[in-house]
Amino acid sequence: MSARMVRGRNARAGVAWRYVMLTAVALVFVFPVVFMLVSSLKPDLQLLRDTGSLRAFLPVGDISLDNYAKAFQRAPIGRFVYNSVLVTSLTVVFGLFLNSLAGFAFSKLRWRGRSIVLAVVIATLIVPFETIAVPLLMMVNTLPWLGPDGVTFGWLNSYRVQIVPFIADALSIFLFVQFFKDLPDEIIEAARIDGASWWQVYLRVIVPLSGPVFATAAILKFLAMYNMYLWPLMVAQGETYRPVMVGLQYFFQLNVAWGEVMAYLSLITVPVLVFYLLLQRAFIESIAASGVKG
Amino acid sequence: MNRTKRYTVTLLAALALSGLVMAQTTLSLWYHGAGNEVERDIVLQIIGDFNASQDDWRVTLEEFPQIAYNPSVVAAALSGNLPDILDVDGPVMPNWAWAGYMQPLSLSDGALDGFLPSVIGEWQGEVYSVGLWDAAKAIYARRSVLEANDIRIPTLDAPWTFDEFEEILETLQATGEYEYVFDVGMAWTGEWYPYAFSPFLQSFGGDLIDRSTFLTAEGVLNGPEAVAFGNWWQSLFTRGMTPGTSQDDANRETGFIDGRYALQWNGNWAAIPALEAFGDDLLFLPAPDFGHGPKIGGASWQFGVSATSPYPEGANAFIEFALQDEYLAAFSDGIGLVPSTQSAALLTENYGPGGALEVFYELSNQQSQIRPPTPAYVGIALTFEKAMADIANGADVQDTLDAAVDEIERDIANNDGYGF
């Protein structure tokens, strides 16, 4: 047997081993989702009994869509998903715009106190939301709003109270700053020499070159907003404005309806998966480029 | 009738109707049962009946999921948005009353006659809340299992004694037929721990706090009786009789029904599935008497009036209206809980004479002890929960209970005695 053949066989074995490992790792990540989907088709008692065996991951036994029908009866799922998607999407869109502008100002514009302000912004990352929740609640409860009824005070029970406080985001700003810093200044200088305003530089030069960081910031923000629980719990006192995570609690009664819980979770996971799949390629590029992990 | 006349009559009728509606002052009601259709229907029925029964008040409902309810009320109190009427978990009521979220009820004389003591929420000598139902606990067992092992079936008048209970656990364990012989529900963390396990402590002679002053737990939560309880509690786990803190919900819910657990400490809300599994073979047994009488926890969700309601007379009128037997019975039939009065029990499917859950009414009536009616209870519950888990996991009993006492007293001191 020649050395080349041995090397070829070893290389093939290495590839096979790599695939085995990757498959194993993939299964670890896929199993919870499979468990959720499969369990959503089973009655409660069977679901609980199956958790001790591999049957938990298999659509076997008494399989039906009953849990989905009951889940829709128990809670206004469509309303919750609509609320979450609306609040999350608007926050992401406004957040991308505002935070990227901030990142641009911090990384490419020269102004006094820039480093100090950036340090302060980044320092807010270590402040847990729980510590500012109550002061924030007091604040939004006194804010004015101009609506069909004229000027009113207090933002509770509205969409805006779930959106506005979360548009500015230190993590997103940090991501944009890090990404923009690596863009060559020469491109910006060239644009400026050609007569572009700073606004045009941002819009025509920076944004087109920054797809991956926009995707990353969008996904991270989307997940944070979609999973938000404490704040909407405090400010959305009416069912009309409740998002999916508060809605999940509708299923935890004295006797928990586990099958319905799984059906509900399967339904509310759909928007997240769709959003991730839309931005998947750019997200992976961004991670590969910056080493940022979600 | 010509067109002008018709319009005039229609307009006058509309004005009269709108005047009728305008005359009713709106009262907001917050309720913890979102997601429970049956509860929702009953609450809506009561509201509909109340609104139709008089012209002064019109109650509107806002529902919250139970887990999200308390934080929502606290947030509303902070922002000055409390409703007129709210429901409150019995043991939490003193904290909300002390914090200024609630005001005492002003019901008619005799409105609470015949109600189980545990459903009347009192603090500092005043009634702040009243429950339309109570919950009760029992030991779930199978007659066939007890008879096969020559185990006496206890009664309310003659519950198992401590020695008898120990012997029973050992007998059942010796059969080798069960994974565990006594499931206490360690998987159900949170309020279940103080609700379900502090009655054992009380039956040993200890308590969560000294109820004569409500200022200290010294000597009651870490005295000799409490330590005796702690040692017994720990032995349940070290002897392999009871599933420990690693128990999951699935095992809690199926262990007894599947025959892997011989006895189970559980609430009446779980009775129907067990009855479906075992029928007449199922028994609901009173708590053992560990030396100071058999005890179970009392007080469930209750209705009260917020401190900021500008219409307490309307709120009280609604609560009094809701206390009718037919509604107590409707809740009991709908969600399986113990009706608050004997007369309502007679109207129910399960709690009347010969009913499948009849025993729970008397359990509630005779053995129920409310958790300490003090604003400090909210903190005590968390401290006790941690102590129970630590002891179950092998921590030194005396040290753990001493630490719990210190923590409780620190909290009381930090809050200037909570009004005591």
# chains A, B, ... in the order shown; residues from 1 in each chain; ligands from 1

call {"tool": "select_by_dssp", "arguments": {"residues": "stretch 135-169 of chain A", "states": "strand (DSSP E or B)", "output": "list in words"}}
result
Pro144, Trp145, Leu146, Gly147, Gly150, Val151, Thr152 and Phe153 of chain A

call {"tool": "interface_residues", "arguments": {"of": "chain A", "to": "chain B", "cutoff": "9 Å", "atoms": "only C-alpha atoms", "output": "ChimeraX atom specification"}}
result
/A:45,47-49,51-52,73-75,134,137-138,141-142,230,233-239,246-255

call {"tool": "write_last_selection", "arguments": {"atoms": "C-alpha atoms", "output": "PDB file, in the first residue's frame"}}
result
ATOM      1  CA  LEU A  45     -50.188  12.105  30.156  1.00  0.00           C
ATOM      2  CA  LEU A  47     -46.186  13.430  26.800  1.00  0.00           C
ATOM      3  CA  LEU A  48     -45.071  13.229  30.440  1.00  0.00           C
ATOM      4  CA  ARG A  49     -44.644   9.455  30.350  1.00  0.00           C
ATOM      5  CA  THR A  51     -40.077  12.098  28.615  1.00  0.00           C
ATOM      6  CA  GLY A  52     -38.118   9.263  30.201  1.00  0.00           C
ATOM      7  CA  GLN A  73     -59.238  28.367  22.573  1.00  0.00           C
ATOM      8  CA  ARG A  74     -57.279  29.145  25.724  1.00  0.00           C
ATOM      9  CA  ALA A  75     -55.477  32.269  24.585  1.00  0.00           C
ATOM     10  CA  VAL A 134     -39.137  50.550  38.411  1.00  0.00           C
ATOM     11  CA  LEU A 137     -42.000  52.571  34.930  1.00  0.00           C
ATOM     12  CA  MET A 138     -42.444  55.746  36.974  1.00  0.00           C
ATOM     13  CA  ASN A 141     -46.206  56.684  33.540  1.00  0.00           C
ATOM     14  CA  THR A 142     -45.877  60.472  33.450  1.00  0.00           C
ATOM     15  CA  LEU A 230     -40.724  41.610  32.693  1.00  0.00           C
ATOM     16  CA  LEU A 233     -45.732  42.399  32.336  1.00  0.00           C
ATOM     17  CA  MET A 234     -45.397  45.726  34.109  1.00  0.00           C
ATOM     18  CA  VAL A 235     -46.742  48.049  31.456  1.00  0.00           C
ATOM     19  CA  ALA A 236     -49.231  46.050  29.364  1.00  0.00           C
ATOM     20  CA  GLN A 237     -52.048  45.635  31.841  1.00  0.00           C
ATOM     21  CA  GLY A 238     -54.638  44.916  29.190  1.00  0.00           C
ATOM     22  CA  GLU A 239     -54.748  41.794  27.047  1.00  0.00           C
ATOM     23  CA  VAL A 246     -46.615  37.002  28.816  1.00  0.00           C
ATOM     24  CA  GLY A 247     -49.150  34.988  26.834  1.00  0.00           C
ATOM     25  CA  LEU A 248     -47.182  31.830  27.576  1.00  0.00           C
ATOM     26  CA  GLN A 249     -48.238  32.129  31.202  1.00  0.00           C
ATOM     27  CA  TYR A 250     -51.867  31.556  30.162  1.00  0.00           C
ATOM     28  CA  PHE A 251     -50.984  27.879  29.937  1.00  0.00           C
ATOM     29  CA  PHE A 252     -49.569  27.467  33.434  1.00  0.00           C
ATOM     30  CA  GLN A 253     -52.639  26.724  35.507  1.00  0.00           C
ATOM     31  CA  LEU A 254     -52.929  24.557  38.616  1.00  0.00           C
ATOM     32  CA  ASN A 255     -52.708  21.553  36.314  1.00  0.00           C
TER      33      ASN A 255
END

call {"tool": "residues_around", "arguments": {"residues": "A:Pro232", "least_positions_apart": "5", "cutoff": "8 Å", "atoms": "only C-alpha atoms", "output": "list in words"}}
result
Gln162, Arg242, Pro243 and Val246 of chain A

call {"tool": "residues_around", "arguments": {"residues": "B:Leu337", "least_positions_apart": "5", "cutoff": "10 Å", "atoms": "only C-alpha atoms", "output": "number ranges by chain"}}
result
B: 132-136, 267-271, 300, 328-329, 331-332, 350-351, 357, 360-361

call {"tool": "select_by_dssp", "arguments": {"residues": "stretch 271-343 of chain B", "states": "helix (DSSP H, G or I)", "output": "count of residues only"}}
result
35

call {"tool": "residues_around", "arguments": {"residues": "A:Met262", "least_positions_apart": "2", "cutoff": "8 Å", "atoms": "only C-alpha atoms", "output": "VMD selection string"}}
result
chain A and resid 36 to 37 39 to 40 258 to 260 264 to 266

call {"tool": "write_last_selection", "arguments": {"atoms": "N, CA, C and O atoms", "output": "short mmCIF file (atom, residue, chain, number, x, y, z; two decimals), in the first residue's frame"}}
result
data_model
loop_
_atom_site.label_atom_id
_atom_site.label_comp_id
_atom_site.auth_asym_id
_atom_site.auth_seq_id
_atom_site.Cartn_x
_atom_site.Cartn_y
_atom_site.Cartn_z
N MET A 36 -40.07 19.62 21.25
CA MET A 36 -41.18 20.57 21.33
C MET A 36 -42.26 20.26 20.29
O MET A 36 -43.45 20.19 20.61
N LEU A 37 -41.82 20.06 19.05
CA LEU A 37 -42.78 19.82 17.98
C LEU A 37 -43.53 18.50 18.18
O LEU A 37 -44.76 18.44 18.04
N SER A 39 -43.91 16.81 20.99
CA SER A 39 -44.74 16.84 22.20
C SER A 39 -46.03 17.61 21.98
O SER A 39 -47.04 17.35 22.64
N SER A 40 -45.96 18.57 21.07
CA SER A 40 -47.16 19.37 20.83
C SER A 40 -48.28 18.53 20.20
O SER A 40 -49.42 18.98 20.13
N TRP A 258 -49.37 20.66 29.44
CA TRP A 258 -48.05 20.64 28.79
C TRP A 258 -48.14 20.53 27.28
O TRP A 258 -47.34 21.13 26.56
N GLY A 259 -49.10 19.76 26.80
CA GLY A 259 -49.23 19.63 25.35
C GLY A 259 -49.56 20.96 24.70
O GLY A 259 -49.00 21.33 23.67
N GLU A 260 -50.44 21.72 25.36
CA GLU A 260 -50.79 23.04 24.83
C GLU A 260 -49.60 24.00 24.95
O GLU A 260 -49.40 24.86 24.09
N TYR A 264 -48.17 25.94 21.80
CA TYR A 264 -48.01 27.41 21.82
C TYR A 264 -46.56 27.78 21.49
O TYR A 264 -46.30 28.67 20.67
N LEU A 265 -45.62 27.07 22.13
CA LEU A 265 -44.21 27.37 21.88
C LEU A 265 -43.85 27.12 20.42
O LEU A 265 -43.10 27.89 19.81
N SER A 266 -44.40 26.05 19.85
CA SER A 266 -44.12 25.77 18.44
C SER A 266 -44.63 26.91 17.56
O SER A 266 -43.95 27.34 16.62
#

call {"tool": "residues_around", "arguments": {"residues": "A:Phe104", "least_positions_apart": "2", "cutoff": "10 Å", "atoms": "only C-alpha atoms", "output": "PyMOL selection string"}}
result
chain A and resi 98-102+106-109+173+176-181+198+201-202+206-207

call {"tool": "residues_around", "arguments": {"residues": "stretch 158-169 of chain B", "least_positions_apart": "5", "cutoff": "8 Å", "atoms": "only C-alpha atoms", "output": "PyMOL selection string"}}
result
chain B and resi 151+181-182+241+286-291+294

call {"tool": "write_last_selection", "arguments": {"atoms": "N, CA and C atoms", "output": "PDB file, in the first residue's frame"}}
result
ATOM      1  N   ILE B 151     -52.482  -2.056  56.407  1.00  0.00           N
ATOM      2  CA  ILE B 151     -52.322  -0.688  56.914  1.00  0.00           C
ATOM      3  C   ILE B 151     -53.701  -0.115  57.226  1.00  0.00           C
ATOM      4  N   VAL B 181     -41.915   5.784  48.292  1.00  0.00           N
ATOM      5  CA  VAL B 181     -43.175   5.461  48.977  1.00  0.00           C
ATOM      6  C   VAL B 181     -43.984   6.705  49.337  1.00  0.00           C
ATOM      7  N   PHE B 182     -43.339   7.866  49.410  1.00  0.00           N
ATOM      8  CA  PHE B 182     -44.089   9.064  49.808  1.00  0.00           C
ATOM      9  C   PHE B 182     -43.597  10.262  48.989  1.00  0.00           C
ATOM     10  N   MET B 241     -37.038   7.478  50.652  1.00  0.00           N
ATOM     11  CA  MET B 241     -38.493   7.311  50.657  1.00  0.00           C
ATOM     12  C   MET B 241     -39.201   8.330  49.780  1.00  0.00           C
ATOM     13  N   PRO B 286     -56.327  12.100  55.602  1.00  0.00           N
ATOM     14  CA  PRO B 286     -55.909  13.301  56.330  1.00  0.00           C
ATOM     15  C   PRO B 286     -54.418  13.283  56.627  1.00  0.00           C
ATOM     16  N   ALA B 287     -53.883  14.465  56.852  1.00  0.00           N
ATOM     17  CA  ALA B 287     -52.462  14.563  57.197  1.00  0.00           C
ATOM     18  C   ALA B 287     -52.204  13.805  58.490  1.00  0.00           C
ATOM     19  N   PRO B 288     -51.016  13.209  58.635  1.00  0.00           N
ATOM     20  CA  PRO B 288     -50.695  12.538  59.897  1.00  0.00           C
ATOM     21  C   PRO B 288     -50.587  13.556  61.028  1.00  0.00           C
ATOM     22  N   ASP B 289     -50.788  13.062  62.237  1.00  0.00           N
ATOM     23  CA  ASP B 289     -50.608  13.903  63.422  1.00  0.00           C
ATOM     24  C   ASP B 289     -49.202  13.647  63.953  1.00  0.00           C
ATOM     25  N   PHE B 290     -48.339  14.628  63.791  1.00  0.00           N
ATOM     26  CA  PHE B 290     -46.952  14.455  64.223  1.00  0.00           C
ATOM     27  C   PHE B 290     -46.748  14.864  65.688  1.00  0.00           C
ATOM     28  N   GLY B 291     -47.818  15.106  66.380  1.00  0.00           N
ATOM     29  CA  GLY B 291     -47.706  15.408  67.808  1.00  0.00           C
ATOM     30  C   GLY B 291     -48.544  16.599  68.247  1.00  0.00           C
ATOM     31  N   PRO B 294     -53.123  17.126  63.341  1.00  0.00           N
ATOM     32  CA  PRO B 294     -52.906  17.116  61.889  1.00  0.00           C
ATOM     33  C   PRO B 294     -53.189  18.498  61.298  1.00  0.00           C
TER      34      PRO B 294
END

call {"tool": "closest_residue", "arguments": {"among": "B:Tyr101, B:Phe214, B:Tyr195, B:Phe204", "to": "B:Gly297", "atoms": "only C-alpha atoms"}}
result
B:Tyr195

call {"tool": "decode", "arguments": {"residues": "stretch 196-216 of chain A", "atoms": "N, CA, C and O atoms", "output": "PDB file, in the first residue's frame"}}
result
ATOM      1  N   ALA A 196     -19.790  64.759  -0.839  1.00  0.00           N
ATOM      2  CA  ALA A 196     -20.882  64.125  -0.098  1.00  0.00           C
ATOM      3  C   ALA A 196     -20.993  64.721   1.300  1.00  0.00           C
ATOM      4  O   ALA A 196     -19.976  65.000   1.940  1.00  0.00           O
ATOM      5  N   SER A 197     -22.220  64.920   1.753  1.00  0.00           N
ATOM      6  CA  SER A 197     -22.419  65.366   3.144  1.00  0.00           C
ATOM      7  C   SER A 197     -22.217  64.166   4.072  1.00  0.00           C
ATOM      8  O   SER A 197     -22.155  63.016   3.619  1.00  0.00           O
ATOM      9  N   TRP A 198     -22.144  64.415   5.376  1.00  0.00           N
ATOM     10  CA  TRP A 198     -21.994  63.297   6.310  1.00  0.00           C
ATOM     11  C   TRP A 198     -23.200  62.360   6.207  1.00  0.00           C
ATOM     12  O   TRP A 198     -23.068  61.152   6.337  1.00  0.00           O
ATOM     13  N   TRP A 199     -24.359  62.938   6.015  1.00  0.00           N
ATOM     14  CA  TRP A 199     -25.564  62.120   5.876  1.00  0.00           C
ATOM     15  C   TRP A 199     -25.448  61.206   4.664  1.00  0.00           C
ATOM     16  O   TRP A 199     -25.773  60.024   4.719  1.00  0.00           O
ATOM     17  N   GLN A 200     -24.945  61.774   3.558  1.00  0.00           N
ATOM     18  CA  GLN A 200     -24.778  60.976   2.337  1.00  0.00           C
ATOM     19  C   GLN A 200     -23.696  59.908   2.522  1.00  0.00           C
ATOM     20  O   GLN A 200     -23.810  58.800   2.002  1.00  0.00           O
ATOM     21  N   VAL A 201     -22.653  60.275   3.252  1.00  0.00           N
ATOM     22  CA  VAL A 201     -21.602  59.286   3.517  1.00  0.00           C
ATOM     23  C   VAL A 201     -22.199  58.098   4.262  1.00  0.00           C
ATOM     24  O   VAL A 201     -21.964  56.927   3.931  1.00  0.00           O
ATOM     25  N   TYR A 202     -23.001  58.421   5.274  1.00  0.00           N
ATOM     26  CA  TYR A 202     -23.634  57.337   6.057  1.00  0.00           C
ATOM     27  C   TYR A 202     -24.529  56.485   5.163  1.00  0.00           C
ATOM     28  O   TYR A 202     -24.438  55.253   5.156  1.00  0.00           O
ATOM     29  N   LEU A 203     -25.375  57.174   4.389  1.00  0.00           N
ATOM     30  CA  LEU A 203     -26.409  56.471   3.631  1.00  0.00           C
ATOM     31  C   LEU A 203     -25.857  55.749   2.407  1.00  0.00           C
ATOM     32  O   LEU A 203     -26.251  54.618   2.104  1.00  0.00           O
ATOM     33  N   ARG A 204     -24.918  56.384   1.705  1.00  0.00           N
ATOM     34  CA  ARG A 204     -24.465  55.859   0.422  1.00  0.00           C
ATOM     35  C   ARG A 204     -23.193  55.033   0.522  1.00  0.00           C
ATOM     36  O   ARG A 204     -22.898  54.227  -0.345  1.00  0.00           O
ATOM     37  N   VAL A 205     -22.418  55.260   1.589  1.00  0.00           N
ATOM     38  CA  VAL A 205     -21.129  54.557   1.690  1.00  0.00           C
ATOM     39  C   VAL A 205     -21.146  53.530   2.826  1.00  0.00           C
ATOM     40  O   VAL A 205     -20.857  52.352   2.615  1.00  0.00           O
ATOM     41  N   ILE A 206     -21.484  54.011   4.010  1.00  0.00           N
ATOM     42  CA  ILE A 206     -21.386  53.137   5.184  1.00  0.00           C
ATOM     43  C   ILE A 206     -22.429  52.021   5.153  1.00  0.00           C
ATOM     44  O   ILE A 206     -22.096  50.841   5.282  1.00  0.00           O
ATOM     45  N   VAL A 207     -23.684  52.393   4.976  1.00  0.00           N
ATOM     46  CA  VAL A 207     -24.761  51.390   5.054  1.00  0.00           C
ATOM     47  C   VAL A 207     -24.577  50.277   4.016  1.00  0.00           C
ATOM     48  O   VAL A 207     -24.666  49.089   4.356  1.00  0.00           O
ATOM     49  N   PRO A 208     -24.290  50.592   2.741  1.00  0.00           N
ATOM     50  CA  PRO A 208     -24.139  49.503   1.759  1.00  0.00           C
ATOM     51  C   PRO A 208     -22.994  48.545   2.087  1.00  0.00           C
ATOM     52  O   PRO A 208     -23.024  47.387   1.672  1.00  0.00           O
ATOM     53  N   LEU A 209     -22.006  49.025   2.820  1.00  0.00           N
ATOM     54  CA  LEU A 209     -20.871  48.155   3.144  1.00  0.00           C
ATOM     55  C   LEU A 209     -21.077  47.358   4.438  1.00  0.00           C
ATOM     56  O   LEU A 209     -20.222  46.567   4.820  1.00  0.00           O
ATOM     57  N   SER A 210     -22.185  47.597   5.129  1.00  0.00           N
ATOM     58  CA  SER A 210     -22.313  47.067   6.495  1.00  0.00           C
ATOM     59  C   SER A 210     -23.457  46.067   6.673  1.00  0.00           C
ATOM     60  O   SER A 210     -24.023  45.954   7.768  1.00  0.00           O
ATOM     61  N   GLY A 211     -23.787  45.346   5.624  1.00  0.00           N
ATOM     62  CA  GLY A 211     -24.869  44.368   5.718  1.00  0.00           C
ATOM     63  C   GLY A 211     -24.722  43.393   6.880  1.00  0.00           C
ATOM     64  O   GLY A 211     -25.674  43.190   7.655  1.00  0.00           O
ATOM     65  N   PRO A 212     -23.567  42.768   7.060  1.00  0.00           N
ATOM     66  CA  PRO A 212     -23.441  41.777   8.137  1.00  0.00           C
ATOM     67  C   PRO A 212     -23.722  42.346   9.529  1.00  0.00           C
ATOM     68  O   PRO A 212     -24.398  41.705  10.324  1.00  0.00           O
ATOM     69  N   VAL A 213     -23.223  43.552   9.819  1.00  0.00           N
ATOM     70  CA  VAL A 213     -23.430  44.077  11.173  1.00  0.00           C
ATOM     71  C   VAL A 213     -24.891  44.500  11.365  1.00  0.00           C
ATOM     72  O   VAL A 213     -25.456  44.358  12.458  1.00  0.00           O
ATOM     73  N   PHE A 214     -25.510  44.969  10.320  1.00  0.00           N
ATOM     74  CA  PHE A 214     -26.944  45.279  10.426  1.00  0.00           C
ATOM     75  C   PHE A 214     -27.736  43.996  10.706  1.00  0.00           C
ATOM     76  O   PHE A 214     -28.657  43.987  11.526  1.00  0.00           O
ATOM     77  N   ALA A 215     -27.347  42.919  10.021  1.00  0.00           N
ATOM     78  CA  ALA A 215     -28.049  41.649  10.226  1.00  0.00           C
ATOM     79  C   ALA A 215     -27.835  41.150  11.650  1.00  0.00           C
ATOM     80  O   ALA A 215     -28.780  40.697  12.317  1.00  0.00           O
ATOM     81  N   THR A 216     -26.606  41.243  12.124  1.00  0.00           N
ATOM     82  CA  THR A 216     -26.314  40.766  13.482  1.00  0.00           C
ATOM     83  C   THR A 216     -27.084  41.573  14.515  1.00  0.00           C
ATOM     84  O   THR A 216     -27.728  41.016  15.417  1.00  0.00           O
TER      85      THR A 216
END
